[in-house]
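Visitor: Encoded as structure tokens, here's the structure I'll be asking about.
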Amino acid sequence: MSTSLILLSLLVIGIAAYVMASSRANALSGGKSSNLHSRPGYYGSYAAVWAMLPSLIVLALWLSISPSIIETSIRGAFPDEVKAQPAATQNLNYGMVSAIARGLPKLTAEEVAGITDGSIDIQAKLGEKGVPLAGAAEPYMIEGAKNLTAKTAVSRLVMTGVVLLLAVAGAAYGLRSVAPRFRARNQVERVMLWGLIVASSIAILTTIGIVLSMLSEAARFFAMVPASDFFFGTVWDPRFAGAGGTSTEGQFGLIPLLAGTLYIGFVAMLVAVPVGLFAAIYMAEYASPRLRSLAKPLLEVLAGIPTIVYGFFALVTVGPFLRDLSQQVNGLVTGNYMNFIQAQSVLTAGIVMGIMLIPYVSSLSDDIITAVPRAMRDGSLGLGATRSETIKKVILPAALPGIVGALLMTASRAIGETMIVVLAAGVAARIDINPFEPMTTVTVKIVSQLTGDLEFTSPQTLVAFALGITLFCITLCLNIYALYIVRKYREQYE
Amino acid sequence: MNMMSEAAVEKALDKKMNDIALKMIGKDVSVHYGEKRALYDVNLNVRENTVTALIGPSGCGKSTFLRCLNRMNDTIDNCKVTGKITLDADDIYDPNIDVVELRARVGMVFQKPNPFPKSIYENVAYGPKIHGLARSKADFDQVVEASLQRAGLWNEVKDRLHESGTGLSGGQQQRLCIARAVAVSPEVILMDEPCSALDPIATAKVEELIHELRTNYTIVIVTHSMQQAARVSQRTAMFHLGHLVEENDTDKMFTNPDDQRTQDYIMGRFG
Amino acid sequence: MNMMSEAAVEKALDKKMNDIALKMIGKDVSVHYGEKRALYDVNLNVRENTVTALIGPSGCGKSTFLRCLNRMNDTIDNCKVTGKITLDADDIYDPNIDVVELRARVGMVFQKPNPFPKSIYENVAYGPKIHGLARSKADFDQVVEASLQRAGLWNEVKDRLHESGTGLSGGQQQRLCIARAVAVSPEVILMDEPCSALDPIATAKVEELIHELRTNYTIVIVTHSMQQAARVSQRTAMFHLGHLVEENDTDKMFTNPDDQRTQDYIMGRFG
Amino acid sequence: MTNIVSPVAGAVSPAAAPRRDIGIKRRYAAERRFRAYGIAAITFGVVFLILLLSTVIRNGYTAFQQTAITIPVEISEKLIDPDNKRATDPSVLIAANYPAVVRDAIVKQLGIDPSKRTEVREAAAMISKGAPIQLRNLVVANPALIGTTVNVTFLADANIDSANKGQIDLNVPEANRKVSDTQIGWMNQLKSAGAIEKQFNTGLFTSGNSSRPEAAGLGVALVGSLYLMLIVLALSLPIGVAASIYLEEFAPKNKLTDLIEVNINNLAAVPSIVYGLLGLSVFINFAGFPRSASLVGGLVLTLMTLPTIIIATRAALRAVPPSIRSAALGLGASKMQMVFHHVLPLAMPGILTGTIIGLAHALGETAPLLLIGMVAFVADIPGTPLEPSTALPVQIYMWANEAERAFVERTSGAIIVLLLFLILMNLGAILLRRRFERRW
Amino acid sequence: AARDQVQVAGSSTVLPYAKIVAESFGETFPDFKTPVVESGGTGAGLKEFCKGVGPDTIDIANASRKINEKEAEACKAAGVTEIQEVKIGYDGIVFATDSSNGDMKIEAKDIYKALAAEVIVDGKLVANPYKDWSEINDTLPKGPIAAYIPGSKHGTREVFEEKVMKEGCKEAGSTDVIKGLISDAKEASAKCIAVRKDGVAVDIDGDYTETLARIAANKTGVGVFGLAFYENNADKLKVATVGGVAPSTETISSGEYSVSRPLFFYVKKAHLGVIPGLKEYVNFFVADQMIGPEGPLAEYGLVAAPDAEREEIRKSVEEGKTM
Ligand SMILES: Nc1ncnc2c1ncn2[C@@H]1O[C@H](COP(=O)(O)OP(=O)(O)OP(=O)(O)O)[C@@H](O)[C@H]1O
Ligand SMILES: Nc1ncnc2c1ncn2[C@@H]1O[C@H](COP(=O)(O)OP(=O)(O)OP(=O)(O)O)[C@@H](O)[C@H]1O
Ligand SMILES: [Mg+2]
Ligand SMILES: [Mg+2]
């Protein structure tokens with residue numbers, strides 16, 4: 001049976017179990033549900049869970065483990081001289097075997113025979129059928145492939161049997177457990193709880209995945225470039241080390257990127273936080289429902305505009321505008337019409353990114369502010385506080401944890417943004433305290449080092465992974481600090 | 001102090017006799033919550049330096065009327081108030097009136113205790129702070145202590161002033177809210193069932209407070225305890241189904257009311 | 001019906017005489033909120049089909065004890081309960097006990113009315129729904145109406161069953177919460193000042209309800225009205241500063257208490 | 001406090017009593033300022049939005065129109081099937097010299113001497129290079145057309161399209177323009193003959209990508225984005241909400257859950273391209289999903305969106321007052337029931353906001369798609385999420401980098417389409433959110 | 001899973017050409033699906049290419065440079081032993097400014113002087129002091145120096161460094177002086193090509209559109225473009241002659257204009273004849289109809305290889321010659 005068919009049968013068994021168990025519970029209750037511990041639906045769900053969950057787990061495990069078990073046994077049957085080859089070659093050989101095995105079912109019996117006795121060129125034959133082979137196949141590979149096909153078939157058959165049997169057995173067990181005092185709801189809720197736990201573990205798995213997918217490459221980078229040069233270097237200048245290039249590998253100083261990241265993020269937050277917070281406060285506390293229901297989605301559009309659009313907006317409109325403005329201002333003040341704001345600058349990037357981030361602050365904060373119970377507002381207004389005082393002294397403190405969460409997310413987005421920075425602040429890695437000069441961020445460099453024409457094993461590319469890991473650790477520390485702050489100032493209403 | 005207070009009482013009584021010092025006047029006050037009408041043309045005056053009790057069965061509109069007096073109904077979206085209410089001859093629903101000043105002058109204790117999720121100290125100091133009634137730390141300490149004393153809560157909380165006000169028992173929260181309202185010394189204090197969660201002793205303390213406040217302040221109190229109304233108030237108004245049934249001197253009200261319904265209600269023959 | 005109820009009362013009295021039917025037993029119950037200790041080794045039994053009143057000054061730990069009886073204290077982070085409480089001989093703090101089932105058997109009306117921000121109908125129907133006590137729409141209608149009737153709220157809200165429960169007056173909310181608790185017919189009902197926001201007539205109705213419920217249910221009520229305690233309860237327990245001062249038959253308690261403090265409190269000589 | 005207020009003389013109005021100074025003027029000024037800040041903030045955001053949108057719309061609205069040339073085409077048998085073998089060998093029809101047919105048609109229409117080779121070439125260049133294919137499909141579908149003359153509407157070449165829309169600066173020296181003066185003359189000639197007209201650009205929505213600007217469309221990108229968003233919505237919303245519920249309502253509050261919380265916040269700060277790396281190694285290399293497929297893209301974007309939804313949901317859950325929880329628990333609801341019946345509905349607005357913002361972000365994201373091969377030239381509309389496809393932002397990104405001028409307006413046009421997509425997508429959530437919003 | 005279309009990845013410089021070919025291929029062969037062409041850079045493309053053999057790996061990697069040793073080894077280790085290299089033509093690299101500027105004639109040494117991190121002044125290596133084009137060469141227009149050059153990850157950057165900076169260094173006579181000052185040969189040659197970091201030379205990590213936009217925002221700036229991009233935007237840009245030669249397809253293919261680089265693609269031989277359409281695609285690509293001087297690629301801006309070289313390419317494809 002194909003996997004999807006098995007899944008379908010499991011579903012059918014599950015539904016059947018549900019129906020039977022709940023009707024059985026109904027019958028047991030004798031019309032008075034207080035005789036039962038749980039509602040009949042819970043008994044049904046309990047039986048369905050028993051029918052489907054174990055069998056699904058077995059199915060998943062089987063599907064993921066059996067290939068490697070079969071692989072080991074096939075490899076064990078390889079001739080000794082093949083086994084003596086280096087591991088990489090062996091892997092390739094096994095790749096061939098599985099490719100042949102993929103092709104075998106597409107061949108007729110004669111063709112298989114032909115292949116086995118060597119009268120037909122297997123590579124060409126399988127190529128015809130759309131299965132590419134990396135090289136010429138040796139007899140032991142064909143043998144292995146046949147073996148593989150056979151074993152896979154057996155494994156699948158057994159798996160189908162086991163899984164379906166398990167499902168039926170589970171359903172029966174679930175059904176048998178139906179008894180008035182049986183705590184079906186607790187059991188079902190326990191399963192749900194595990195579901196929730198699994199969902200939250202996805203976040204953990206993502207983290208592990210991210211760290212793992214970067215760690216080994218980052219380690220390779222640090223094998224080529226000393227960590228101290230990376231962490232304490234103040235010059236970012238990875239040179240082009242192309243094919244047979246003569247140039248050296250350049251310098252990979254983290255500091256200018258980090259400074260740029262923090263600076264640009266800071267300016268962006270300087271725009272986004274006040275604007276977003278005030279917008280949220282206005283929408284939640286002052287605006288008429290109509291204005292609010294219009295303004296909120298409008299501002300949310302800002303979050304959906306692709307960042308490249310912001311980037312070009314910064315490059316073509318905001319940057320030159322600020323430059324010309326500074327020219328005029330300088331001219332009026334000093335008489336020297338020299339622009340002091342560069343067209344590409346921290347300021348430009350910060351402002352434009354800040355605009356993009358407004359809805360992150362405004363929409364979330366608005367929801368949280370709206371959720372503060374009315375009694376809090378009444379209490380303060382009744383004492384003669386103005387609305388703004390109420391907001392500042394009562395509502396915002398009560399909404400603080402949520403708002404801080406929103407702000408953290410906003411800051412995170414600011415750190416993770418690329419296109420706006422590239423187009424608005426450029427890619428020049430410099431250290432400067434003047435916000436009117438260009439700088440760049442870690443993220444920009446991660447993207448630019450990962451794309452482009454360099455080979456993947458050069459430190460120029462690998463540095464992206466080192467940057468990624470470092471950024472990860474730094475933001476982690478910032479987040480821990482933020483959590484500590486929130487804990488300290490949290491106010492629980494009621 | 002006692003002397004003075006007595007003098008004040010006398011003065012108040014004088015005024016009452018002449019029927020002049022009307023602190024607040026409600027004329028044809030009607031309230032709608034959306035479609036539902038909650039008050040029907042209520043004409044009720046609040047006399048200065050007097051305790052006015054509002055009584056009536058649950059849901060008859062006492063809180064609604066009370067909330068009209070300092071415009072707390074403004075905060076309810078679908079609530080519409082018509083008619084005229086004056087405070088010291090100023091129409092409080094006049095667009096030019098300043099709600100904040102109004103509420104600073106007409107303070108309120110809500111029916112459901114609603115302490116801020118802040119420390120007990122901050123809860124009480126909040127009003128004086130926003131109105132600038134205290135400056136130095138010492139001022140604040142003094143105001144906080146005095147207010148908590150008056151609400152009869154000081155002894156219970158003096159060791160935990162900096163713990164959260166939401167961690168108090170129900171009755172303690174109610175007294176905290178009274179302390180909070182008293183701390184800004186408004187001219188009129190509206191109290192919506194201030195003793196509902198209080199034991200007799202605490203109730204007595206609050207009643208004493210009301211008595212004491214009366215010399216300088218005007219008080220409107222909602223209560224469902226006839227005894228309490230009789231004990232603390234000079235004037236009583238009886239509501240029923242959104243109508244003002246009767247308004248009268250408390251003594252008269254509880255001995256010989258004009259309206260049959262009042263009589264029935266007070267006698268517990270109602271419903 | 002009346003006959004039966006009388007018979008039941010007699011039965012209950014019988015049990016009481018023999019001192020057997022203890023529905024709940026609290027042994028050495030102590031509660032800490034963080035550092036602060038709120039109850040000190042309370043030993044208090046709740047008899048079956050009896051109304052037990054808890055009295056005592058505000059902040060003495062009545063609500064805290066009540067919340068121990070159905071483990072609502074579990075939801076407060078820093079609250080720690082020690083000692084042993086049994087319901088029908090099962091230790092309710094046993095890790096194997098099903099808290100949900102416990103709470104379905106031991107219902108609660110909270111001190112501060114807390115209706116769900118749903119319609120009045122849904123507020124009442126919620127309990128029966130999750131416990132599967134009603135199936136059809138008609139069943140639900142019937143349960144909702146009966147419960148609201150019992151809480152004396154039906155007439156006021158029958159036209160607006162599908163409006164929000166939070167748009168009710170304070171007293172109406174309180175009765176709604178009572179109706180909500182009654183709708184699931186728990187074995188034990190804990191009521192934390194159920195009449196605090198009610199006028200005398202509504203109070204009388206709730207007291208009548210309590211009286212009626214007593215035949216089949218066990219009731220624990222917190223009240224700060226001595227009169228109410230005397231009217232509705234058969235047993236009274238008096239708390240003070242976290243200690244159980246005295247537990248006794250109500251009659252005895254209000255006439256000739258064993259403890260001096262009880263006497264003082266009841267006489268109002270306290271504080 | 002016990003001081004008696006100044007004695008009231010007789011029947012004088014009590015209003016004469018001096019009022020307390022509670023700094024009302026100053027406070028009202030602060031109040032007005034505060035309000036003004038709010039209005040300013042909203043105005044700031046909205047003005048920028050309008051500025052952005054108007055720029056985009058100004059540049060892009062022309063992309064929704066397309067110049068088409070309708071000319072009579074003589075489908076001569078001589079050119080298409082000179083040896084009359086089409087009955088036996090259908091491939092003749094496919095391989096026939098259609099470009100010549102198109103060329104002849106335009107040459108005839110303009111009345112050019114067919115022997116002047118450069119002029120002929122220039123004239124032929126006015127019609128899209130896709131025209132021969134269009135003609136071929138026409139003939140293959142209906143071989144009876146051979147030997148007849150039919151009116152066919154071709155797309156004009158992108159440069160003629162631009163010229164027709166007035167986007168080409170005729171002051172630039174002819175050598176530096178893509179359109180010659182002769183072609184402009186011809187264009188005007190065709191215009192006066194009524195052969196050139198602007199029509200609605202349906203191809204923009206239905207065609208796949210193309211290297212010819214006039215034929216390039218967003219079909220693949222639209223379908224791809226649709227798949228992506230469906231996958232993201234179907235996965236990230238339930239997973240995100242489930243995770244938040246566990247962390248906020250069930251998880252014991254200890255160091256481990258703190259770590260998870262911090263960790264999720266931190267995931268929001270991971271640059272999106274890193275998710276691309278993760279997707280490449282997990283979904284393509286490890287799990288063996290195909291490259292360029294929207295399924296993989298959807299999974300990657302799901303991981304990227306999860307932190308946003310989780311953070312928003314947790315904040316919303318936290319904002320539900322505890323009294324609601326006690327009320328439910330007190331009635332004998334289990335914790336699960338309490339959460340799903342009461343807390344979740346109240347937290348819904350916040351959850352939906354998180355979803356709106358998260359999806360908006362996912363809809364506009366390019367970087368992670370780069371590494372899993374979705375930044376690609378794809379011409380065929382994908383039938384399933386396993387086939388190669390692109391996404392709207394990718395198309396915008398790629399068109400923005402095209403050299404041809406005609407792609408400029410299309411880039412803006414694509415942005416408009418993306419925003420429409422965004423608005424449509426969010427409309428449901430916004431309406432839903434309004435339903436759930438209430439104050440208590 | 002079997003795949004029914006060709007998958008291509010790699011250099012974004014080659015992308016437009018591959019796109020044109022893929023599209024025409026799809027139209028010409030209705031039986032085959034149009035190939036999918038990813039962009040993402042030569043390095044990433046080759047990495048995917050070298051992942052192994054089989055339908056779950058790509059068939060062709062586009063490259064704007066030759067595959068290097070390490071990459072070829074990685075390929076081999078993964079089983080990609082037979083790789084066909086196909087050169088498709090040349091990419092000309094031009095310097096251009098905003099069209100509002102006057103004619104610009106530059107020499108490699110001007111660029112070197114304007115952009116080098118350190119230049120020789122009075123026999124000493126000092127940080128680049130020049131601020132204005134006219135300080136370098138008075139034939140150049142007056143205006144502050146600003147240049148938009150490809151980022152250090154781009155293949156074009158390498159060409160820029162090798163063919164312009166290094167040449168300019170030599171032309172300016174600095175090479176020898178530097179060699180005299182610095183003993184280490186590697187370091188000395190690095191000095192020649194190091195670009196100043198004071199904001200005068202701006203790295204562009206994006207595409208030429210970004211350079212174009214930057215020039216539009218700063219009219220005195222000089223940008224580096226591909227010939228194809230310039231030709232499509234000739235109305236907005238003014239191209240500079242280098243060494244007196246104006247860049248064009250003719251001058252580049254004849255070698256007169258030196259700043260250019262070859263473009264390639266690499267084919268996985270094991271996939272030929274297996275992935276439907278792959279063989280046809282490769283043949284279609286190298287036909288004169290595509291890469292010839294009259295073909296659409298040349299029209300777009302590719303500099304076609306000389307006739308003989310194209311013949312060579314076709315022959316080696318025909319023979320299936322591998323590296
Ligand atoms: N969540 C909490 N955190 C800290 N302390 C608490 C908390 N809840 C109650 N307390 C304290 O525990 C003591 C007993 O509180 P409890 O609520 O049981 O009083 P009570 O007898 O119900 O009083 P009342 O009649 O005022 O409701 C009080 O001093 C109170 O301040
Ligand atoms: N926000 C509201 N929306 C709709 N109706 C309301 C609202 N608030 C109160 N009502 C209704 O208006 C009427 C009067 O309510 P009000 O709160 O004034 O009663 P009350 O006299 O204070 O009663 P109680 O003693 O129970 O507090 C009641 O019927 C109530 O249901
Ligand atoms: Mg009320
Ligand atoms: Mg209490």
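Every chain in the structure tokens takes a letter, A first, then B, and so on in the order presented; its residues are numbered from 1, and the ligands are numbered from 1 following the presented order.
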Could you tell me, as a PyMOL selection string, which residues of stretch 130-287 of chain D DSSP assigns to alpha helix (DSSP H) when given the backbone?
Guide: chain D and resi 131-141+158-164+181-192+203-206+219-245+255-268+272-279
Visitor: Taking only C-alpha atoms and all ligand atoms into account, which residues have an atom no farther than 12 Å from ligand 4? I'd like them as a PyMOL selection string.
Guide: (chain B and resi 113+167-174+196-199) or (chain C and resi 38+54-67+109-112+191-194+196+221-224+239)
Visitor: Would you save the residues from that selection as a compact mmCIF listing (two decimals), in the first residue's frame, using N, CA and C atoms?
Guide:
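Contents of selection22.txt, freshly written:
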# COMPACT_ATOMS: atom_id res chain seq x y z
N PRO B 113 -14.38 47.11 43.32
CA PRO B 113 -13.06 47.68 43.64
C PRO B 113 -12.12 47.51 42.45
N GLY B 167 -3.14 42.46 45.34
CA GLY B 167 -2.97 41.30 46.21
C GLY B 167 -3.71 41.43 47.52
N LEU B 168 -4.62 42.39 47.61
CA LEU B 168 -5.37 42.57 48.85
C LEU B 168 -6.66 41.76 48.82
N SER B 169 -7.24 41.56 49.99
CA SER B 169 -8.55 40.90 50.03
C SER B 169 -9.61 41.85 49.49
N GLY B 170 -10.78 41.30 49.18
CA GLY B 170 -11.82 42.11 48.57
C GLY B 170 -12.14 43.37 49.37
N GLY B 171 -12.33 43.22 50.66
CA GLY B 171 -12.67 44.37 51.49
C GLY B 171 -11.53 45.36 51.57
N GLN B 172 -10.32 44.82 51.59
CA GLN B 172 -9.17 45.72 51.64
C GLN B 172 -9.08 46.54 50.36
N GLN B 173 -9.36 45.88 49.24
CA GLN B 173 -9.32 46.61 47.98
C GLN B 173 -10.35 47.72 47.99
N GLN B 174 -11.53 47.42 48.54
CA GLN B 174 -12.57 48.44 48.56
C GLN B 174 -12.14 49.64 49.39
N SER B 196 -19.92 47.40 50.64
CA SER B 196 -20.52 46.12 50.30
C SER B 196 -19.64 44.95 50.68
N ALA B 197 -18.34 45.12 50.66
CA ALA B 197 -17.50 43.98 50.97
C ALA B 197 -16.89 44.09 52.36
N LEU B 198 -17.47 44.94 53.16
CA LEU B 198 -16.83 45.19 54.45
C LEU B 198 -17.60 44.56 55.60
N ASP B 199 -16.83 44.17 56.56
CA ASP B 199 -17.42 43.62 57.77
C ASP B 199 -17.97 44.77 58.60
N ALA C 38 -1.35 33.67 55.40
CA ALA C 38 -2.73 34.16 55.44
C ALA C 38 -3.63 33.27 56.30
N LEU C 54 -18.94 31.63 57.01
CA LEU C 54 -17.64 32.06 57.49
C LEU C 54 -17.73 33.56 57.75
N ILE C 55 -17.40 33.95 58.95
CA ILE C 55 -17.44 35.38 59.25
C ILE C 55 -16.09 35.81 59.79
N GLY C 56 -15.94 37.09 59.89
CA GLY C 56 -14.69 37.62 60.40
C GLY C 56 -14.36 38.93 59.73
N PRO C 57 -13.48 39.69 60.34
CA PRO C 57 -13.18 41.00 59.77
C PRO C 57 -12.51 40.89 58.39
N SER C 58 -12.60 41.96 57.68
CA SER C 58 -12.02 41.99 56.34
C SER C 58 -10.53 41.65 56.37
N GLY C 59 -10.12 40.78 55.48
CA GLY C 59 -8.70 40.43 55.39
C GLY C 59 -8.29 39.34 56.34
N CYS C 60 -9.25 38.67 56.97
CA CYS C 60 -8.88 37.67 57.96
C CYS C 60 -8.62 36.31 57.34
N GLY C 61 -8.95 36.13 56.08
CA GLY C 61 -8.64 34.86 55.44
C GLY C 61 -9.85 34.04 55.05
N LYS C 62 -11.03 34.64 55.07
CA LYS C 62 -12.23 33.88 54.73
C LYS C 62 -12.17 33.42 53.27
N SER C 63 -11.93 34.38 52.38
CA SER C 63 -11.88 34.02 50.97
C SER C 63 -10.77 33.02 50.73
N THR C 64 -9.66 33.24 51.39
CA THR C 64 -8.54 32.34 51.19
C THR C 64 -8.93 30.91 51.55
N PHE C 65 -9.60 30.75 52.69
CA PHE C 65 -10.01 29.40 53.07
C PHE C 65 -11.00 28.83 52.07
N LEU C 66 -11.94 29.68 51.66
CA LEU C 66 -12.95 29.23 50.72
C LEU C 66 -12.29 28.73 49.44
N ARG C 67 -11.31 29.45 48.99
CA ARG C 67 -10.64 29.10 47.74
C ARG C 67 -9.83 27.82 47.89
N VAL C 109 -18.86 30.90 43.74
CA VAL C 109 -19.27 32.24 43.33
C VAL C 109 -18.24 33.19 43.92
N PHE C 110 -17.61 34.00 43.08
CA PHE C 110 -16.49 34.80 43.55
C PHE C 110 -16.96 36.10 44.19
N GLN C 111 -16.05 36.65 44.95
CA GLN C 111 -16.39 37.87 45.67
C GLN C 111 -16.65 39.02 44.71
N LYS C 112 -15.76 39.16 43.73
CA LYS C 112 -15.99 40.19 42.72
C LYS C 112 -16.71 39.53 41.57
N MET C 191 -19.85 30.27 48.31
CA MET C 191 -20.29 31.60 47.91
C MET C 191 -19.52 32.63 48.70
N ASP C 192 -18.81 33.49 47.96
CA ASP C 192 -18.02 34.51 48.63
C ASP C 192 -18.79 35.83 48.59
N GLU C 193 -19.43 36.14 49.67
CA GLU C 193 -20.25 37.35 49.78
C GLU C 193 -21.19 37.49 48.60
N PRO C 194 -22.10 36.58 48.48
CA PRO C 194 -22.95 36.58 47.29
C PRO C 194 -23.96 37.71 47.28
N SER C 196 -23.33 40.85 48.53
CA SER C 196 -22.72 42.13 48.91
C SER C 196 -23.27 43.26 48.07
N ILE C 221 -20.74 29.73 52.88
CA ILE C 221 -20.97 31.11 52.47
C ILE C 221 -20.11 32.03 53.31
N VAL C 222 -19.47 32.98 52.63
CA VAL C 222 -18.75 34.02 53.36
C VAL C 222 -19.65 35.22 53.43
N THR C 223 -19.79 35.78 54.57
CA THR C 223 -20.62 36.98 54.66
C THR C 223 -20.08 37.87 55.76
N HIS C 224 -20.31 39.14 55.62
CA HIS C 224 -19.90 40.03 56.70
C HIS C 224 -21.14 40.60 57.39
N PHE C 239 -13.33 33.70 61.76
CA PHE C 239 -11.89 33.82 61.51
C PHE C 239 -11.40 35.14 62.06
Visitor: Considering only C-alpha atoms, tabulate each residue of chain B that lies at most 7 Å from chain D along with its nearest interatomic pair and the corresponding distance in Å to one decimal; arrange the rows by chain and ascending residue number and present them as a tab-separated table.
Guide:
residue	atom	partner	partner_atom	distance
B:Ile20	CA	D:Ala11	CA	6.7
B:Asp88	CA	D:Ala15	CA	5.1
B:Glu101	CA	D:Ile24	CA	6.9
B:His131	CA	D:Ile22	CA	4.8
B:Gly132	CA	D:Ile22	CA	6.1
B:Asn216	CA	D:Ile4	CA	6.7
Visitor: Starting from chain D, keep only residues with some atom at most 6 Å from an atom of chain E, counting only C-alpha atoms, and report them as a ChimeraX atom specification.
Guide: /D:176-177,211,373,375-378,401,403-404
Visitor: Tell me as a ChimeraX atom specification which residues belonging to chain E come within 8 Å of chain A, counting only C-alpha atoms.
Guide: /E:2,11,40-44,46-47,53-55,63-69,71,77-81,152-155,157-158,186-187,189-190,197,199,202-206,210,213-214,216-217,270-271,273-276
Visitor: What are the residues of chain D that have an atom within 6 Å of an atom of chain A, counting only C-alpha atoms, as a ChimeraX atom specification?
Guide: /D:31,38,41-42,239,242-243,246,262,266,268-271,278,315,319,350,360-361,364,440
Visitor: I need the residue nearest chain B from this list: C:Ser225, C:Asn114, C:Asn45, C:Ser136. Use only C-alpha atoms for the distance.
Guide: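 Under the stated criterion, the closest residue is C:Ser225.
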Visitor: Return as an MDAnalysis selection string the residues belonging to chain B that are within 7 Å of chain A, counting only C-alpha atoms.
Guide: chainID B and resid 72 100:101 103:104 107:108 114 116:118 127 130 166 181
Visitor: Write down as a list in words the residues belonging to stretch 238-285 of chain E that are assigned strand (DSSP E) by DSSP computed on the backbone.
Guide: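 Across stretch 238-285 of chain E, those assigned strand (DSSP E) are Lys238, Val239, Thr241, Val242, Ser260, Arg261, Pro262, Leu263, Phe264, Phe265, Tyr266, Val267 and Lys268 of chain E.
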Visitor: Taking only C-alpha atoms into account, name the residue in B:Gly152, B:Gly165, B:Gly83, B:Pro257 that is nearest to chain C.
Guide: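 Comparing B:Gly152, B:Gly165, B:Gly83, B:Pro257 against chain C, the winner is B:Gly152.
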Visitor: Considering only C-alpha atoms, state which residue in the set B:Ile120, B:Val182, B:Met253, B:Asn248 is at the smallest distance from B:Asp159.
Guide: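 Among B:Ile120, B:Val182, B:Met253, B:Asn248, it is B:Ile120 that comes nearest to B:Asp159.
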Visitor: Between B:His162, B:Arg47, B:Arg235, B:Arg214, which residue has the minimum interatomic distance to ligand 1, considering only C-alpha atoms and all ligand atoms?
Guide: B:His162
Visitor: For the atom pair atom CA of D:Leu135 and atom CA of E:Gly295, what is the interatomic distance in Å to one decimal place?
Guide: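 It comes out at 21.1 Å.
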Visitor: List the spatial neighbours of C:Gln260 as a ChimeraX atom specification - criterion: any atom at most 10 Å away, only C-alpha atoms, same-chain residues fewer than 6 positions off excluded.
Guide: /C:245-246,266
Visitor: Quick one: residues within 7 Å of B:Pro186, only C-alpha atoms, excluding same-chain residues fewer than 2 positions away - as a list in words?
Guide: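 Counting only C-alpha atoms, the residues come to Ala104, Arg105, Val106, Gly107, Val184, Val188 and Ile189 of chain B.
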Visitor: Pick out the residues sitting within 8 Å of A:Ser55, and hand them over as a list in words; count only C-alpha atoms, and ignore anything fewer than 2 positions along from it in its own chain.
Guide: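 Near neighbours after the sequence-gap exclusion: Leu10, Ala51, Met52, Leu53, Ile57, Val58, Leu59, Val163, Leu164, Leu166 and Ala167 of chain A.
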Visitor: What's the separation between atom CA of E:Ala308 and atom CA of E:Asn62, in Å to one decimal place?
Guide: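 Calculated distance between atom CA of E:Ala308 and atom CA of E:Asn62 is 22.3 Å.
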Visitor: Give me, as an MDAnalysis selection string, all polymer residues having an atom no more than 7 Å from stretch 423-438 of chain D, counting only C-alpha atoms and skipping those fewer than 3 positions away in the same chain.
Guide: chainID D and resid 348:349 352 356 419:420
